[in-house]
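Trainee: Compact mmCIF, N, CA, C and O atoms, saved as data07.txt, coming up:
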```
# COMPACT_ATOMS: atom_id res chain seq x y z
N HIS A 237 0.83 -1.19 0.00
CA HIS A 237 0.00 0.00 0.00
C HIS A 237 0.88 1.25 0.00
O HIS A 237 1.91 1.27 0.65
N LYS A 238 0.43 2.25 -0.70
CA LYS A 238 1.20 3.49 -0.82
C LYS A 238 0.50 4.61 -0.06
O LYS A 238 -0.67 4.88 -0.28
N ILE A 239 1.22 5.28 0.83
CA ILE A 239 0.68 6.35 1.65
C ILE A 239 1.19 7.71 1.20
O ILE A 239 0.52 8.71 1.33
N CYS A 240 2.39 7.75 0.63
CA CYS A 240 3.06 9.02 0.34
C CYS A 240 3.61 9.02 -1.08
O CYS A 240 3.99 7.98 -1.60
N SER A 241 3.64 10.21 -1.68
CA SER A 241 4.25 10.38 -3.00
C SER A 241 5.16 11.60 -2.98
O SER A 241 4.85 12.61 -2.36
N ILE A 242 6.29 11.46 -3.64
CA ILE A 242 7.21 12.58 -3.81
C ILE A 242 7.45 12.72 -5.31
O ILE A 242 7.71 11.73 -5.99
N GLY A 243 7.31 13.93 -5.81
CA GLY A 243 7.49 14.15 -7.24
C GLY A 243 8.48 15.25 -7.53
O GLY A 243 8.58 16.22 -6.80
N VAL A 244 9.23 15.06 -8.62
CA VAL A 244 10.18 16.07 -9.08
C VAL A 244 10.02 16.18 -10.59
O VAL A 244 9.90 15.16 -11.29
N ARG A 245 10.02 17.41 -11.08
CA ARG A 245 9.91 17.63 -12.52
C ARG A 245 10.87 18.74 -12.92
O ARG A 245 11.01 19.74 -12.21
N PHE A 246 11.51 18.54 -14.05
CA PHE A 246 12.39 19.56 -14.61
C PHE A 246 11.88 19.91 -16.00
O PHE A 246 11.64 19.02 -16.81
N SER A 247 11.69 21.19 -16.25
CA SER A 247 11.20 21.63 -17.55
C SER A 247 11.67 23.05 -17.82
O SER A 247 11.50 23.94 -16.98
N ARG A 248 12.26 23.26 -18.98
CA ARG A 248 12.70 24.59 -19.40
C ARG A 248 13.54 25.30 -18.34
O ARG A 248 13.28 26.43 -17.97
N TRP A 249 14.52 24.59 -17.82
CA TRP A 249 15.47 25.12 -16.84
C TRP A 249 14.83 25.44 -15.48
O TRP A 249 15.40 26.17 -14.68
N CYS A 250 13.67 24.92 -15.22
CA CYS A 250 13.01 25.11 -13.91
C CYS A 250 12.78 23.74 -13.28
O CYS A 250 12.48 22.77 -13.96
N SER A 251 12.92 23.70 -11.96
CA SER A 251 12.60 22.46 -11.24
C SER A 251 11.35 22.69 -10.40
O SER A 251 11.13 23.77 -9.87
N MET A 252 10.53 21.68 -10.35
CA MET A 252 9.31 21.71 -9.54
C MET A 252 9.29 20.44 -8.70
O MET A 252 9.79 19.40 -9.15
N HIS A 253 8.75 20.52 -7.52
CA HIS A 253 8.71 19.35 -6.66
C HIS A 253 7.45 19.38 -5.81
O HIS A 253 6.83 20.43 -5.63
N GLY A 254 7.09 18.23 -5.30
CA GLY A 254 5.90 18.15 -4.47
C GLY A 254 5.93 16.93 -3.57
O GLY A 254 6.68 15.98 -3.79
N LEU A 255 5.11 16.99 -2.55
CA LEU A 255 5.00 15.91 -1.58
C LEU A 255 3.54 15.76 -1.21
O LEU A 255 2.84 16.75 -0.98
N SER A 256 3.07 14.54 -1.17
CA SER A 256 1.68 14.26 -0.83
C SER A 256 1.64 13.11 0.17
O SER A 256 2.28 12.08 -0.05
N ILE A 257 0.89 13.31 1.25
CA ILE A 257 0.71 12.25 2.24
C ILE A 257 -0.79 12.11 2.48
O ILE A 257 -1.48 13.08 2.76
N ASN A 258 -1.29 10.90 2.37
CA ASN A 258 -2.70 10.62 2.61
C ASN A 258 -2.88 10.33 4.09
O ASN A 258 -2.38 9.34 4.60
N LEU A 259 -3.60 11.23 4.77
CA LEU A 259 -3.75 11.11 6.22
C LEU A 259 -4.96 10.31 6.64
O LEU A 259 -4.87 9.46 7.51
N VAL A 260 -6.13 10.63 6.10
CA VAL A 260 -7.37 10.02 6.58
C VAL A 260 -8.13 9.32 5.47
O VAL A 260 -7.93 9.58 4.29
N LYS A 261 -9.01 8.41 5.90
CA LYS A 261 -9.86 7.69 4.95
C LYS A 261 -10.82 8.66 4.28
O LYS A 261 -11.05 9.75 4.78
N GLY A 262 -11.38 8.24 3.20
CA GLY A 262 -12.40 9.05 2.56
C GLY A 262 -12.21 9.16 1.07
O GLY A 262 -13.15 9.33 0.33
N CYS A 263 -10.98 9.03 0.62
CA CYS A 263 -10.71 9.16 -0.82
C CYS A 263 -10.38 7.81 -1.44
O CYS A 263 -10.04 7.76 -2.62
N GLU A 264 -10.47 6.74 -0.69
CA GLU A 264 -10.07 5.44 -1.21
C GLU A 264 -10.83 5.06 -2.47
O GLU A 264 -10.28 4.44 -3.36
N GLN A 265 -12.09 5.46 -2.57
CA GLN A 265 -12.86 5.12 -3.76
C GLN A 265 -12.21 5.73 -5.00
O GLN A 265 -12.06 5.06 -6.01
N GLY A 266 -11.77 6.98 -4.91
CA GLY A 266 -11.08 7.60 -6.02
C GLY A 266 -9.69 7.01 -6.25
O GLY A 266 -9.22 6.93 -7.38
N PHE A 267 -9.06 6.57 -5.15
CA PHE A 267 -7.72 5.99 -5.26
C PHE A 267 -7.73 4.71 -6.09
O PHE A 267 -6.72 4.33 -6.68
N GLU A 268 -8.86 4.01 -6.12
CA GLU A 268 -8.93 2.76 -6.87
C GLU A 268 -8.68 2.97 -8.36
O GLU A 268 -8.29 2.06 -9.07
N LEU A 269 -8.88 4.18 -8.84
CA LEU A 269 -8.69 4.49 -10.25
C LEU A 269 -7.25 4.89 -10.58
O LEU A 269 -6.90 5.06 -11.74
N ILE A 270 -6.41 5.04 -9.54
CA ILE A 270 -5.04 5.52 -9.72
C ILE A 270 -4.06 4.37 -9.59
O ILE A 270 -4.19 3.51 -8.71
N HIS A 271 -3.06 4.35 -10.47
CA HIS A 271 -1.94 3.41 -10.35
C HIS A 271 -0.76 4.22 -9.84
O HIS A 271 -0.09 4.90 -10.61
N PRO A 272 -0.50 4.18 -8.51
CA PRO A 272 0.58 4.99 -7.95
C PRO A 272 1.91 4.76 -8.66
O PRO A 272 2.35 3.63 -8.83
N CYS A 273 2.49 5.84 -9.10
CA CYS A 273 3.77 5.81 -9.82
C CYS A 273 3.72 4.90 -11.04
O CYS A 273 4.74 4.40 -11.50
N GLY A 274 2.52 4.64 -11.55
CA GLY A 274 2.38 3.78 -12.72
C GLY A 274 2.61 2.31 -12.44
O GLY A 274 2.76 1.51 -13.36
N ILE A 275 2.62 1.91 -11.18
CA ILE A 275 2.90 0.53 -10.81
C ILE A 275 1.58 -0.21 -10.61
O ILE A 275 0.81 0.11 -9.70
N LEU A 276 1.30 -1.15 -11.47
CA LEU A 276 0.07 -1.93 -11.36
C LEU A 276 0.13 -2.81 -10.11
O LEU A 276 1.18 -3.33 -9.76
N GLY A 277 -0.99 -2.97 -9.45
CA GLY A 277 -1.06 -3.83 -8.27
C GLY A 277 -0.77 -3.12 -6.96
O GLY A 277 -0.96 -3.68 -5.89
N VAL A 278 -0.32 -1.86 -7.01
CA VAL A 278 -0.07 -1.09 -5.80
C VAL A 278 -1.31 -0.25 -5.53
O VAL A 278 -1.84 0.38 -6.43
N ARG A 279 -1.79 -0.26 -4.29
CA ARG A 279 -2.97 0.51 -3.94
C ARG A 279 -2.60 1.69 -3.08
O ARG A 279 -1.79 1.58 -2.16
N ALA A 280 -3.22 2.83 -3.35
CA ALA A 280 -3.05 4.00 -2.50
C ALA A 280 -3.95 3.83 -1.28
O ALA A 280 -5.04 3.30 -1.38
N THR A 281 -3.46 4.27 -0.14
CA THR A 281 -4.24 4.20 1.10
C THR A 281 -3.91 5.43 1.94
O THR A 281 -3.32 6.37 1.45
N SER A 282 -4.28 5.40 3.20
CA SER A 282 -4.00 6.52 4.10
C SER A 282 -3.40 5.99 5.40
O SER A 282 -3.45 4.79 5.68
N ILE A 283 -2.84 6.89 6.19
CA ILE A 283 -2.32 6.49 7.50
C ILE A 283 -3.46 5.90 8.34
O ILE A 283 -3.31 4.86 8.95
N GLU A 284 -4.61 6.56 8.30
CA GLU A 284 -5.77 6.06 9.05
C GLU A 284 -6.18 4.68 8.54
O GLU A 284 -6.54 3.80 9.33
N GLY A 285 -6.12 4.48 7.23
CA GLY A 285 -6.48 3.18 6.66
C GLY A 285 -5.57 2.06 7.12
O GLY A 285 -5.99 0.92 7.25
N CYS A 286 -4.31 2.37 7.37
CA CYS A 286 -3.34 1.36 7.82
C CYS A 286 -3.33 1.16 9.32
O CYS A 286 -3.11 0.05 9.80
N THR A 287 -3.51 2.24 10.07
CA THR A 287 -3.38 2.15 11.53
C THR A 287 -4.71 2.14 12.27
O THR A 287 -4.75 1.77 13.44
N GLY A 288 -5.76 2.60 11.60
CA GLY A 288 -7.06 2.72 12.27
C GLY A 288 -7.19 4.01 13.06
O GLY A 288 -8.21 4.27 13.66
N LEU A 289 -6.14 4.82 13.07
CA LEU A 289 -6.14 6.09 13.80
C LEU A 289 -5.93 7.26 12.85
O LEU A 289 -5.01 7.23 12.02
N ALA A 290 -6.75 8.29 12.98
CA ALA A 290 -6.58 9.49 12.17
C ALA A 290 -5.53 10.39 12.82
O ALA A 290 -5.70 10.81 13.96
N PRO A 291 -4.42 10.66 12.13
CA PRO A 291 -3.38 11.51 12.73
C PRO A 291 -3.82 12.98 12.78
O PRO A 291 -4.65 13.41 11.98
N ASP A 292 -3.27 13.71 13.72
CA ASP A 292 -3.53 15.14 13.83
C ASP A 292 -2.78 15.85 12.70
O ASP A 292 -1.54 15.76 12.61
N ARG A 293 -3.50 16.54 11.85
CA ARG A 293 -2.91 17.17 10.66
C ARG A 293 -1.80 18.15 11.01
O ARG A 293 -0.73 18.14 10.40
N GLN A 294 -2.03 19.01 12.00
CA GLN A 294 -1.01 20.00 12.37
C GLN A 294 0.24 19.34 12.93
O GLN A 294 1.35 19.79 12.67
N GLN A 295 0.07 18.27 13.68
CA GLN A 295 1.24 17.55 14.22
C GLN A 295 2.04 16.90 13.10
O GLN A 295 3.27 16.91 13.12
N VAL A 296 1.34 16.34 12.10
CA VAL A 296 2.04 15.75 10.96
C VAL A 296 2.82 16.82 10.21
O VAL A 296 3.98 16.62 9.85
N ILE A 297 2.20 17.98 9.97
CA ILE A 297 2.88 19.07 9.27
C ILE A 297 4.11 19.52 10.04
O ILE A 297 5.20 19.68 9.47
N LYS A 298 3.97 19.70 11.34
CA LYS A 298 5.09 20.15 12.17
C LYS A 298 6.23 19.12 12.15
O LYS A 298 7.39 19.47 11.93
N SER A 299 5.90 17.87 12.36
CA SER A 299 6.91 16.82 12.40
C SER A 299 7.60 16.66 11.06
O SER A 299 8.83 16.58 10.97
N LEU A 300 6.82 16.63 9.99
CA LEU A 300 7.38 16.48 8.66
C LEU A 300 8.28 17.65 8.30
O LEU A 300 9.39 17.47 7.79
N THR A 301 7.83 18.86 8.57
CA THR A 301 8.63 20.05 8.27
C THR A 301 9.95 20.02 9.03
O THR A 301 11.02 20.22 8.44
N ASN A 302 9.89 19.77 10.32
CA ASN A 302 11.12 19.74 11.12
C ASN A 302 12.08 18.65 10.65
O ASN A 302 13.29 18.87 10.56
N ASN A 303 11.55 17.47 10.34
CA ASN A 303 12.42 16.37 9.91
C ASN A 303 13.02 16.61 8.53
O ASN A 303 14.19 16.32 8.30
N LEU A 304 12.23 17.15 7.61
CA LEU A 304 12.77 17.43 6.27
C LEU A 304 13.85 18.50 6.32
O LEU A 304 14.90 18.36 5.71
N ILE A 305 13.59 19.58 7.06
CA ILE A 305 14.57 20.65 7.15
C ILE A 305 15.83 20.17 7.88
O ILE A 305 16.95 20.42 7.45
N SER A 306 15.65 19.44 8.95
CA SER A 306 16.79 18.92 9.69
C SER A 306 17.63 17.99 8.81
O SER A 306 18.87 18.08 8.79
N SER A 307 16.99 17.11 8.06
CA SER A 307 17.72 16.20 7.17
C SER A 307 18.45 16.97 6.08
O SER A 307 19.59 16.66 5.76
N PHE A 308 17.78 17.97 5.52
CA PHE A 308 18.40 18.78 4.48
C PHE A 308 19.68 19.45 5.00
O PHE A 308 20.72 19.38 4.37
N TYR A 309 19.57 20.07 6.16
CA TYR A 309 20.74 20.75 6.71
C TYR A 309 21.83 19.77 7.13
O TYR A 309 23.02 20.06 6.97
N THR A 310 21.45 18.60 7.62
CA THR A 310 22.45 17.59 7.98
C THR A 310 23.16 17.07 6.73
O THR A 310 24.38 16.97 6.70
N ASP A 311 22.39 16.76 5.70
CA ASP A 311 22.97 16.23 4.47
C ASP A 311 23.92 17.22 3.81
O ASP A 311 24.93 16.82 3.22
N PHE A 312 23.60 18.49 3.90
CA PHE A 312 24.44 19.50 3.26
C PHE A 312 25.40 20.17 4.24
O PHE A 312 26.04 21.17 3.92
N LYS A 313 25.48 19.63 5.45
CA LYS A 313 26.42 20.09 6.48
C LYS A 313 26.29 21.59 6.76
O LYS A 313 27.27 22.31 6.84
N LEU A 314 25.05 22.05 6.89
CA LEU A 314 24.79 23.45 7.19
C LEU A 314 24.43 23.58 8.67
O LEU A 314 23.95 22.64 9.29
N GLU A 315 24.63 24.74 9.21
CA GLU A 315 24.26 25.01 10.59
C GLU A 315 23.08 25.97 10.60
O GLU A 315 23.09 27.00 9.94
N PHE A 316 22.04 25.62 11.39
CA PHE A 316 20.83 26.43 11.44
C PHE A 316 21.11 27.87 11.83
O PHE A 316 20.58 28.80 11.26
N GLU A 317 21.97 28.05 12.82
CA GLU A 317 22.22 29.39 13.34
C GLU A 317 22.84 30.30 12.28
O GLU A 317 22.59 31.49 12.24
N LYS A 318 23.67 29.74 11.41
CA LYS A 318 24.33 30.55 10.39
C LYS A 318 23.35 31.12 9.36
O LYS A 318 23.64 32.10 8.72
N VAL A 319 22.21 30.47 9.21
CA VAL A 319 21.22 30.97 8.25
C VAL A 319 20.02 31.59 8.96
O VAL A 319 19.02 31.90 8.35
N GLY A 320 20.12 31.75 10.28
CA GLY A 320 19.08 32.43 11.04
C GLY A 320 17.90 31.57 11.42
O GLY A 320 16.84 32.08 11.75
N LEU A 321 18.04 30.25 11.38
CA LEU A 321 16.94 29.36 11.74
C LEU A 321 17.24 28.67 13.07
O LEU A 321 18.33 28.18 13.29
N THR A 322 16.26 28.65 13.94
CA THR A 322 16.41 27.89 15.18
C THR A 322 15.23 26.94 15.36
O THR A 322 15.40 25.83 15.81
N THR A 323 14.03 27.36 15.00
CA THR A 323 12.85 26.48 15.00
C THR A 323 12.10 26.72 13.70
O THR A 323 12.31 27.73 13.04
N PHE A 324 11.21 25.82 13.37
CA PHE A 324 10.58 25.91 12.06
C PHE A 324 9.08 26.15 12.13
O PHE A 324 8.58 27.09 11.55
N VAL A 325 8.34 25.28 12.75
CA VAL A 325 6.89 25.43 12.76
C VAL A 325 6.41 25.56 14.19
O VAL A 325 6.90 24.95 15.06
```
For the file at hand, write its structure as structure tokens.
Mentor:
Amino acid sequence: HKICSIGVRFSRWCSMHGLSINLVKGCEQGFELIHPCGILGVRATSIEGCTGLAPDRQQVIKSLTNNLISSFYTDFKLEFEKVGLTTFV
């Protein structure tokens, strides 16, 4: 089952990117028409569909933002203080 998608596109010297996470049930009927990443046999679902619990949207946003930014700065060996960042969300 697929819960999250990350996309990157390059066109005419521009890059575009996106991230999608399915949090709660309700769209599964529409998901049946989608082949995630073009892979047959993979079904899109939600965190709630897998765990039975609906996650708090704001908590997911906060956690995801902090983890993505922290990973980015770690991977590129940057220090938060040097760019004026101490907290994010």
Trainee: Point out the residue among A:Leu259, A:Phe312, A:Leu269, A:Ile275 with the least atom-to-atom distance to A:Pro291, counting all atoms listed in the file.
Mentor: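 Result for the nearest residue to A:Pro291: A:Leu259.
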Trainee: I need the residue nearest A:Lys238 from this list: A:Ile257, A:Ala280, A:Met252, A:Leu300. Use only C-alpha atoms for the distance.
Mentor: A:Ala280
Trainee: How many Å lie between atom C of A:Gly254 and atom C of A:Ile297, rounded to one decimal?
Mentor: 14.0 Å
Trainee: Can you tell me how far atom CA of A:Ile239 sits from atom CA of A:Gly285, in Å to one decimal?
Mentor: 9.3 Å
Trainee: One number please: atom CA of A:Gly243 to atom CA of A:Val278, in Å, one decimal.
Mentor: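 We find that atom CA of A:Gly243 and atom CA of A:Val278 lie 17.1 Å from each other.
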Trainee: Quick one: axis-aligned box around all listed atoms of stretch 276-287 of chain A, 4 Å on every side, centre and edge lengths in Å to one decimal, written as JSON.
Mentor:
```
{"center_x": -2.6, "center_y": 1.5, "center_z": 1.0, "size_x": 15.8, "size_y": 18.7, "size_z": 32.9}
```
